[in-house]
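Chemist: This one is run06.cif, mmCIF, C-alpha atoms.
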data_coords
#
loop_
_atom_site.label_atom_id
_atom_site.label_comp_id
_atom_site.auth_asym_id
_atom_site.auth_seq_id
_atom_site.Cartn_x
_atom_site.Cartn_y
_atom_site.Cartn_z
CA MET A 1 -70.75 29.23 68.59
CA PRO A 2 -71.14 26.08 66.47
CA ALA A 3 -70.57 26.40 62.77
CA LEU A 4 -73.67 26.34 60.65
CA SER A 5 -73.98 23.52 58.17
CA HIS A 6 -75.43 24.23 54.75
CA PRO A 7 -77.03 21.79 52.33
CA PRO A 8 -74.98 21.15 49.22
CA PHE A 9 -76.98 23.46 46.96
CA VAL A 10 -75.57 24.93 43.77
CA ALA A 11 -72.77 27.44 44.11
CA VAL A 12 -72.62 30.36 41.69
CA GLU A 13 -69.44 32.40 41.44
CA LEU A 14 -68.86 34.98 38.71
CA GLY A 15 -71.15 33.18 36.29
CA ARG A 16 -69.65 29.76 37.10
CA ILE A 17 -72.14 27.01 37.99
CA SER A 18 -70.94 23.87 39.82
CA LEU A 19 -72.97 20.68 39.99
CA PRO A 20 -73.04 18.80 43.31
CA GLY A 21 -72.03 15.21 43.46
CA GLU A 22 -69.03 13.43 42.03
CA VAL A 23 -68.95 13.20 38.26
CA THR A 24 -67.03 10.08 37.29
CA PRO A 25 -66.25 8.50 33.92
CA GLY A 26 -68.61 5.65 34.87
CA LYS A 27 -71.53 8.04 35.36
CA ILE A 28 -70.76 9.81 32.10
CA LEU A 29 -70.74 6.44 30.33
CA GLU A 30 -74.09 5.54 31.91
CA ILE A 31 -75.61 8.78 30.65
CA ILE A 32 -74.23 8.22 27.14
CA VAL A 33 -75.69 4.71 27.09
CA LEU A 34 -79.00 6.10 28.38
CA VAL A 35 -79.16 8.70 25.60
CA ILE A 36 -78.38 6.06 22.97
CA VAL A 37 -81.07 3.75 24.36
CA ALA A 38 -83.63 6.59 24.43
CA TRP A 39 -82.78 7.50 20.83
CA ALA A 40 -83.07 3.84 19.73
CA VAL A 41 -86.41 3.41 21.51
CA ILE A 42 -87.78 6.56 19.84
CA ARG A 43 -86.66 5.34 16.41
CA TRP A 44 -88.24 1.93 17.07
CA LEU A 45 -91.51 3.49 18.23
CA SER A 46 -91.63 5.76 15.17
CA LYS A 47 -91.29 2.74 12.88
CA LEU A 48 -93.88 0.83 14.91
CA PHE A 49 -96.42 3.67 14.75
CA LYS A 50 -95.82 4.04 11.01
CA LEU A 51 -96.28 0.29 10.46
CA LEU A 52 -99.49 0.22 12.49
CA GLY A 53 -100.80 3.22 10.56
CA GLU A 54 -100.17 1.39 7.27
CA LYS A 55 -101.64 -1.91 8.48
CA ILE A 56 -104.72 -0.25 10.02
CA PRO A 57 -105.48 2.85 7.89
CA ARG A 58 -108.26 4.02 10.22
CA SER A 59 -105.75 4.30 13.07
CA ARG A 60 -103.19 6.32 11.07
CA PHE A 61 -104.05 9.64 12.70
CA LEU A 62 -104.21 8.07 16.18
CA MET A 63 -100.69 6.73 15.70
CA LYS A 64 -99.51 10.13 14.52
CA LEU A 65 -101.09 11.70 17.62
CA LEU A 66 -99.31 9.29 20.00
CA GLU A 67 -95.87 9.49 18.38
CA PRO A 68 -94.80 13.05 19.40
CA ALA A 69 -96.17 12.60 22.94
CA ALA A 70 -94.19 9.35 23.33
CA ARG A 71 -91.01 10.91 21.91
CA ILE A 72 -91.13 13.94 24.20
CA GLY A 73 -92.00 11.77 27.21
CA ILE A 74 -89.01 9.49 26.59
CA TRP A 75 -86.60 12.44 26.34
CA PHE A 76 -87.91 13.95 29.56
CA ALA A 77 -87.54 10.58 31.29
CA ALA A 78 -83.96 10.29 30.00
CA ILE A 79 -83.11 13.78 31.34
CA PHE A 80 -84.67 12.95 34.72
CA ILE A 81 -82.73 9.67 35.03
CA SER A 82 -79.50 11.40 33.97
CA ILE A 83 -79.88 13.91 36.80
CA ARG A 84 -80.49 11.05 39.22
CA ILE A 85 -77.31 9.36 38.07
CA LEU A 86 -75.26 12.53 38.61
CA ALA A 87 -76.94 13.37 41.93
CA PRO A 88 -78.14 10.22 43.73
CA SER A 89 -79.01 11.89 47.06
CA HIS A 90 -82.21 13.89 47.55
CA GLU A 91 -80.39 17.14 48.37
CA ALA A 92 -78.00 16.74 45.46
CA PHE A 93 -80.89 15.97 43.12
CA LEU A 94 -82.71 19.17 44.10
CA ALA A 95 -79.48 21.12 43.78
CA SER A 96 -78.91 19.70 40.30
CA LEU A 97 -82.40 20.71 39.23
CA ALA A 98 -81.78 24.21 40.56
CA SER A 99 -78.44 24.33 38.75
CA MET A 100 -79.97 23.21 35.48
CA GLY A 101 -82.80 25.72 35.82
CA LEU A 102 -80.33 28.54 36.42
CA ALA A 103 -78.06 27.49 33.58
CA ILE A 104 -80.96 27.18 31.19
CA GLY A 105 -82.43 30.48 32.30
CA LEU A 106 -79.12 32.25 31.69
CA GLY A 107 -77.97 30.63 28.49
CA ALA A 108 -80.87 28.98 26.69
CA GLN A 109 -83.86 31.25 27.00
CA ASP A 110 -84.99 30.84 23.40
CA LEU A 111 -84.63 27.06 23.66
CA ILE A 112 -86.81 26.96 26.78
CA LYS A 113 -89.42 29.17 25.13
CA ASN A 114 -89.53 26.77 22.20
CA VAL A 115 -89.80 23.76 24.55
CA ILE A 116 -92.69 25.44 26.37
CA GLY A 117 -94.24 26.13 22.98
CA GLY A 118 -93.89 22.44 22.11
CA LEU A 119 -95.68 21.44 25.31
CA VAL A 120 -98.46 23.93 24.58
CA VAL A 121 -98.83 22.43 21.09
CA LEU A 122 -99.19 18.96 22.62
CA VAL A 123 -101.83 20.14 25.08
CA ASP A 124 -103.75 22.57 22.88
CA ARG A 125 -103.42 20.40 19.75
CA PRO A 126 -103.85 22.97 16.96
CA TYR A 127 -102.52 20.18 14.72
CA GLN A 128 -101.02 16.72 14.87
CA LEU A 129 -98.78 14.58 12.71
CA GLY A 130 -100.32 14.07 9.30
CA ASP A 131 -102.42 17.24 9.32
CA ARG A 132 -102.26 19.64 6.39
CA VAL A 133 -101.78 23.12 7.79
CA ARG A 134 -100.76 26.66 6.91
CA ILE A 135 -98.48 28.40 9.42
CA GLY A 136 -97.46 31.87 8.30
CA ASP A 137 -96.28 31.53 4.69
CA ALA A 138 -95.65 27.76 4.96
CA TYR A 139 -98.24 25.21 3.84
CA GLY A 140 -97.90 21.44 3.90
CA GLU A 141 -98.21 18.21 5.88
CA ILE A 142 -96.94 18.07 9.46
CA ASP A 143 -94.37 15.28 9.69
CA HIS A 144 -92.52 16.14 12.92
CA VAL A 145 -93.57 17.71 16.22
CA GLY A 146 -90.59 18.06 18.55
CA LEU A 147 -89.60 19.85 21.71
CA ARG A 148 -87.93 22.71 19.86
CA SER A 149 -89.65 22.91 16.49
CA THR A 150 -92.35 21.65 14.16
CA LYS A 151 -91.51 20.49 10.65
CA LEU A 152 -93.77 20.23 7.63
CA THR A 153 -93.31 19.18 4.02
CA THR A 154 -94.84 21.38 1.33
CA PRO A 155 -96.59 19.97 -1.79
CA ASP A 156 -93.40 20.61 -3.79
CA ASP A 157 -91.43 18.44 -1.29
CA THR A 158 -89.69 21.29 0.57
CA ARG A 159 -89.03 20.74 4.29
CA VAL A 160 -89.88 23.75 6.46
CA THR A 161 -88.78 24.00 10.12
CA ILE A 162 -90.78 26.35 12.36
CA PRO A 163 -89.72 27.10 15.97
CA ASN A 164 -92.54 26.25 18.37
CA LEU A 165 -92.37 29.74 19.87
CA ASP A 166 -93.34 31.23 16.49
CA ILE A 167 -96.35 28.93 16.28
CA LEU A 168 -97.75 30.39 19.50
CA THR A 169 -97.76 33.88 17.96
CA GLN A 170 -99.12 33.00 14.49
CA GLN A 171 -102.44 31.82 13.12
CA VAL A 172 -102.56 28.11 12.31
CA HIS A 173 -104.94 27.06 9.52
CA ASN A 174 -105.72 23.32 9.69
CA ALA A 175 -107.29 21.79 6.57
CA ASN A 176 -108.29 18.39 7.99
CA SER A 177 -107.93 18.43 11.82
CA GLY A 178 -107.03 14.80 12.37
CA VAL A 179 -109.16 13.19 9.64
CA PRO A 180 -107.97 11.88 6.25
CA ASP A 181 -110.19 14.04 4.00
CA CYS A 182 -110.04 17.78 3.42
CA GLN A 183 -111.68 20.37 1.20
CA VAL A 184 -109.95 21.24 -2.07
CA VAL A 185 -110.63 24.67 -3.58
CA THR A 186 -109.93 25.08 -7.30
CA ASP A 187 -110.15 28.51 -8.95
CA LEU A 188 -110.71 28.75 -12.71
CA TYR A 189 -110.87 31.99 -14.71
CA LEU A 190 -113.09 32.64 -17.71
CA PRO A 191 -113.88 35.62 -19.97
CA PRO A 192 -116.35 38.04 -18.32
CA GLY A 193 -119.07 37.28 -20.91
CA THR A 194 -119.22 33.55 -20.06
CA ASP A 195 -122.65 32.21 -19.12
CA PRO A 196 -122.44 31.64 -15.30
CA GLU A 197 -124.81 28.65 -15.29
CA THR A 198 -122.76 26.87 -17.94
CA ALA A 199 -119.55 27.52 -16.00
CA ILE A 200 -121.09 26.23 -12.74
CA GLY A 201 -122.32 23.06 -14.44
CA ILE A 202 -118.90 22.31 -15.94
CA GLY A 203 -117.15 22.93 -12.61
CA TYR A 204 -119.56 20.65 -10.77
CA GLU A 205 -119.18 17.83 -13.30
CA ALA A 206 -115.38 18.15 -13.32
CA ALA A 207 -115.27 17.63 -9.55
CA ALA A 208 -117.89 14.86 -9.58
CA CYS A 209 -115.89 12.87 -12.16
CA SER A 210 -112.56 13.15 -10.32
CA PRO A 211 -111.22 9.81 -9.05
CA TYR A 212 -109.97 11.57 -5.90
CA LEU A 213 -113.42 12.79 -4.86
CA LEU A 214 -114.97 11.91 -1.49
CA ALA A 215 -118.53 11.47 -2.75
CA GLU A 216 -120.06 11.53 0.75
CA LYS A 217 -119.52 15.27 1.02
CA PRO A 218 -121.05 18.04 -1.09
CA ILE A 219 -119.62 19.74 -4.15
CA VAL A 220 -120.08 23.51 -4.41
CA ALA A 221 -119.44 25.63 -7.52
CA LEU A 222 -119.60 29.42 -7.25
CA VAL A 223 -118.96 32.28 -9.67
CA ALA A 224 -117.91 35.86 -9.06
CA HIS A 225 -116.73 38.74 -11.23
CA GLY A 226 -113.28 40.21 -10.65
CA PHE A 227 -110.77 42.55 -12.21
CA ASP A 228 -106.98 42.19 -12.47
CA GLN A 229 -105.60 44.20 -15.43
CA GLN A 230 -108.80 43.09 -17.19
CA PRO A 231 -112.22 41.79 -16.09
CA TYR A 232 -112.82 38.06 -15.63
CA LEU A 233 -115.35 35.56 -14.32
CA ARG A 234 -113.95 33.40 -11.52
CA LEU A 235 -115.30 29.88 -11.12
CA ARG A 236 -114.53 28.45 -7.68
CA VAL A 237 -115.07 24.70 -7.23
CA LYS A 238 -115.12 23.29 -3.69
CA ALA A 239 -115.00 19.52 -3.20
CA TYR A 240 -113.50 17.03 -0.76
CA VAL A 241 -110.60 14.71 -1.49
CA TYR A 242 -110.73 11.31 0.26
CA ASP A 243 -107.10 11.62 1.39
CA HIS A 244 -105.51 15.06 1.83
CA ARG A 245 -102.22 13.76 0.45
CA TYR A 246 -103.88 13.82 -2.99
CA GLU A 247 -104.97 17.46 -2.72
CA PRO A 248 -102.61 18.74 -5.48
CA ARG A 249 -103.60 15.86 -7.77
CA MET A 250 -107.30 16.52 -7.32
CA MET A 251 -106.83 20.23 -7.98
CA SER A 252 -104.92 19.42 -11.16
CA ASP A 253 -107.51 16.84 -12.22
CA VAL A 254 -110.46 19.24 -11.77
CA THR A 255 -108.58 21.97 -13.64
CA SER A 256 -107.74 19.64 -16.52
CA ARG A 257 -111.29 18.29 -16.90
CA ALA A 258 -112.94 21.71 -16.70
CA THR A 259 -110.44 23.36 -19.08
CA SER A 260 -110.93 20.61 -21.67
CA GLU A 261 -114.67 21.23 -21.59
CA PHE A 262 -114.18 25.00 -21.78
CA LEU A 263 -112.07 24.50 -24.92
CA ARG A 264 -114.55 22.07 -26.46
CA LEU A 265 -117.41 24.52 -26.01
CA GLY A 266 -115.32 27.50 -27.13
CA LEU A 267 -115.84 29.33 -23.84
CA LEU A 268 -112.26 30.61 -23.82
CA GLU A 269 -112.58 32.34 -27.18
CA GLY A 270 -113.54 35.51 -25.31
CA TRP A 271 -109.93 35.95 -24.23
CA LYS A 272 -108.79 35.97 -27.90
CA SER A 273 -111.41 38.47 -29.00
CA ARG A 274 -110.29 41.09 -26.50
CA PRO A 275 -107.89 43.70 -27.92
CA PRO A 276 -104.29 43.60 -26.59
CA GLU A 277 -103.61 45.69 -23.52
CA GLY A 278 -102.73 49.25 -24.53
CA SER A 279 -104.46 48.94 -27.93
CA HIS A 280 -106.90 51.71 -29.02
CA ALA A 281 -109.05 49.32 -31.06
#
In structure tokens, write the structure found in this file.

Modeler:
Amino acid sequence: MPALSHPPFVAVELGRISLPGEVTPGKILEIIVLVIVAWAVIRWLSKLFKLLGEKIPRSRFLMKLLEPAARIGIWFAAIFISIRILAPSHEAFLASLASMGLAIGLGAQDLIKNVIGGLVVLVDRPYQLGDRVRIGDAYGEIDHVGLRSTKLTTPDDTRVTIPNLDILTQQVHNANSGVPDCQVVTDLYLPPGTDPETAIGIGYEAAACSPYLLAEKPIVALVAHGFDQQPYLRLRVKAYVYDHRYEPRMMSDVTSRATSEFLRLGLLEGWKSRPPEGSHA
């Protein structure tokens, strides 16, 4: 009876995985060069997209949308070509893919979940580079969307890295969704006896006079009573900043203008007239 011939698929023995094909120093060198070239191309594209975004401000968010897709596409192409180099024949190529899939499934499950999460982010697009988002307890500007993780920089210049898998299971709050402007909400607190109409007028004027204001969109000032150790009147001012990168500055500017007017009109004197906490007066 003639011996059966088997295609050179992956062999698995006691957890050991062998790749088909002959791995030579020349092939290893080719792969190293390929990885270096892919890395250099990605760095060059990142600088190009950044330059185009600065030269053409209206295209800034388009460039930020294209950058992560190009980066991930280049890395996938580099991995595909590397497998071809190690396994030039069709059978060996399929066997290599099977071997990689098995190895990844056994030893890098979390990594694969994060990669899948990164692909979902690219397709679903809950945010893109340059967006100002809140993910869990982190809030800031998205500056990196990768295969494994997303990175954002908070207003106090802290870099936060979030695995893509976590993003799929958390709510994502996007403040601007691919456009430069976003709404800025400033809360100010006044004594409970403050005239609401006066407070609303001051809040509106403070936002209207801010140099960071996007005048095309409305300004809203609202008041509400609250209690935290003692009663207060909360003035909430909602206005749009023309570039979300200036959100903290606009919030500070509105607070400063409104507080100065409160002091000038003596509206904060109500805090001083209240007896200290625990006093029987």

Chemist: As a check of understanding, name the residues that the PyMOL selection byres ((chain A and resi 188) around 8) selects in the supplied structure, as JSON, numbers by chain.

Modeler: {"A": [186, 187, 189, 190, 234, 235, 236, 255]}

Chemist: Which one is closest to A:Glu197: A:Gln171, A:Asp243, A:Tyr127, A:Ala221? Count all atoms listed in the file.

Modeler: A:Ala221

Chemist: Have a look at A:Asn164, A:Glu261, A:Val223, A:Val37 and name the one nearest to A:Ile135; count only C-alpha atoms.

Modeler: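 Comparing A:Asn164, A:Glu261, A:Val223, A:Val37 against A:Ile135, the winner is A:Asn164.
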
Chemist: Report the distance between atom CA of A:Leu51 and atom CA of A:Gly130 in Å, rounded to one decimal place.

Modeler: 14.4 Å

Chemist: Atom CA of A:Leu129 and atom CA of A:Asn114, how far apart in Å?

Modeler: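 One can read the atom CA of A:Asn114 to atom CA of A:Leu129 distance as 18.0 Å.
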
Chemist: Could you tell me which of A:Tyr240, A:Trp39, A:Tyr232, A:Phe227 comes closest to A:Ala215 if we count all atoms listed in the file?

Modeler: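 Closest to A:Ala215 of all the choices is A:Tyr240.
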
Chemist: Counting only C-alpha atoms, I want the residues whose atoms come within 8 Å of (-96.4, 27.5, 7.8) in the file frame, returned as a PDB file with C-alpha atoms, in the frame of the given file.

Modeler:
ATOM      1  CA  VAL A 133    -101.780  23.120   7.790  1.00  0.00           C
ATOM      2  CA  ARG A 134    -100.760  26.660   6.910  1.00  0.00           C
ATOM      3  CA  ILE A 135     -98.480  28.400   9.420  1.00  0.00           C
ATOM      4  CA  GLY A 136     -97.460  31.870   8.300  1.00  0.00           C
ATOM      5  CA  ASP A 137     -96.280  31.530   4.690  1.00  0.00           C
ATOM      6  CA  ALA A 138     -95.650  27.760   4.960  1.00  0.00           C
ATOM      7  CA  TYR A 139     -98.240  25.210   3.840  1.00  0.00           C
ATOM      8  CA  GLY A 140     -97.900  21.440   3.900  1.00  0.00           C
ATOM      9  CA  LEU A 152     -93.770  20.230   7.630  1.00  0.00           C
ATOM     10  CA  VAL A 160     -89.880  23.750   6.460  1.00  0.00           C
ATOM     11  CA  ILE A 162     -90.780  26.350  12.360  1.00  0.00           C
ATOM     12  CA  VAL A 172    -102.560  28.110  12.310  1.00  0.00           C
TER      13      VAL A 172
END
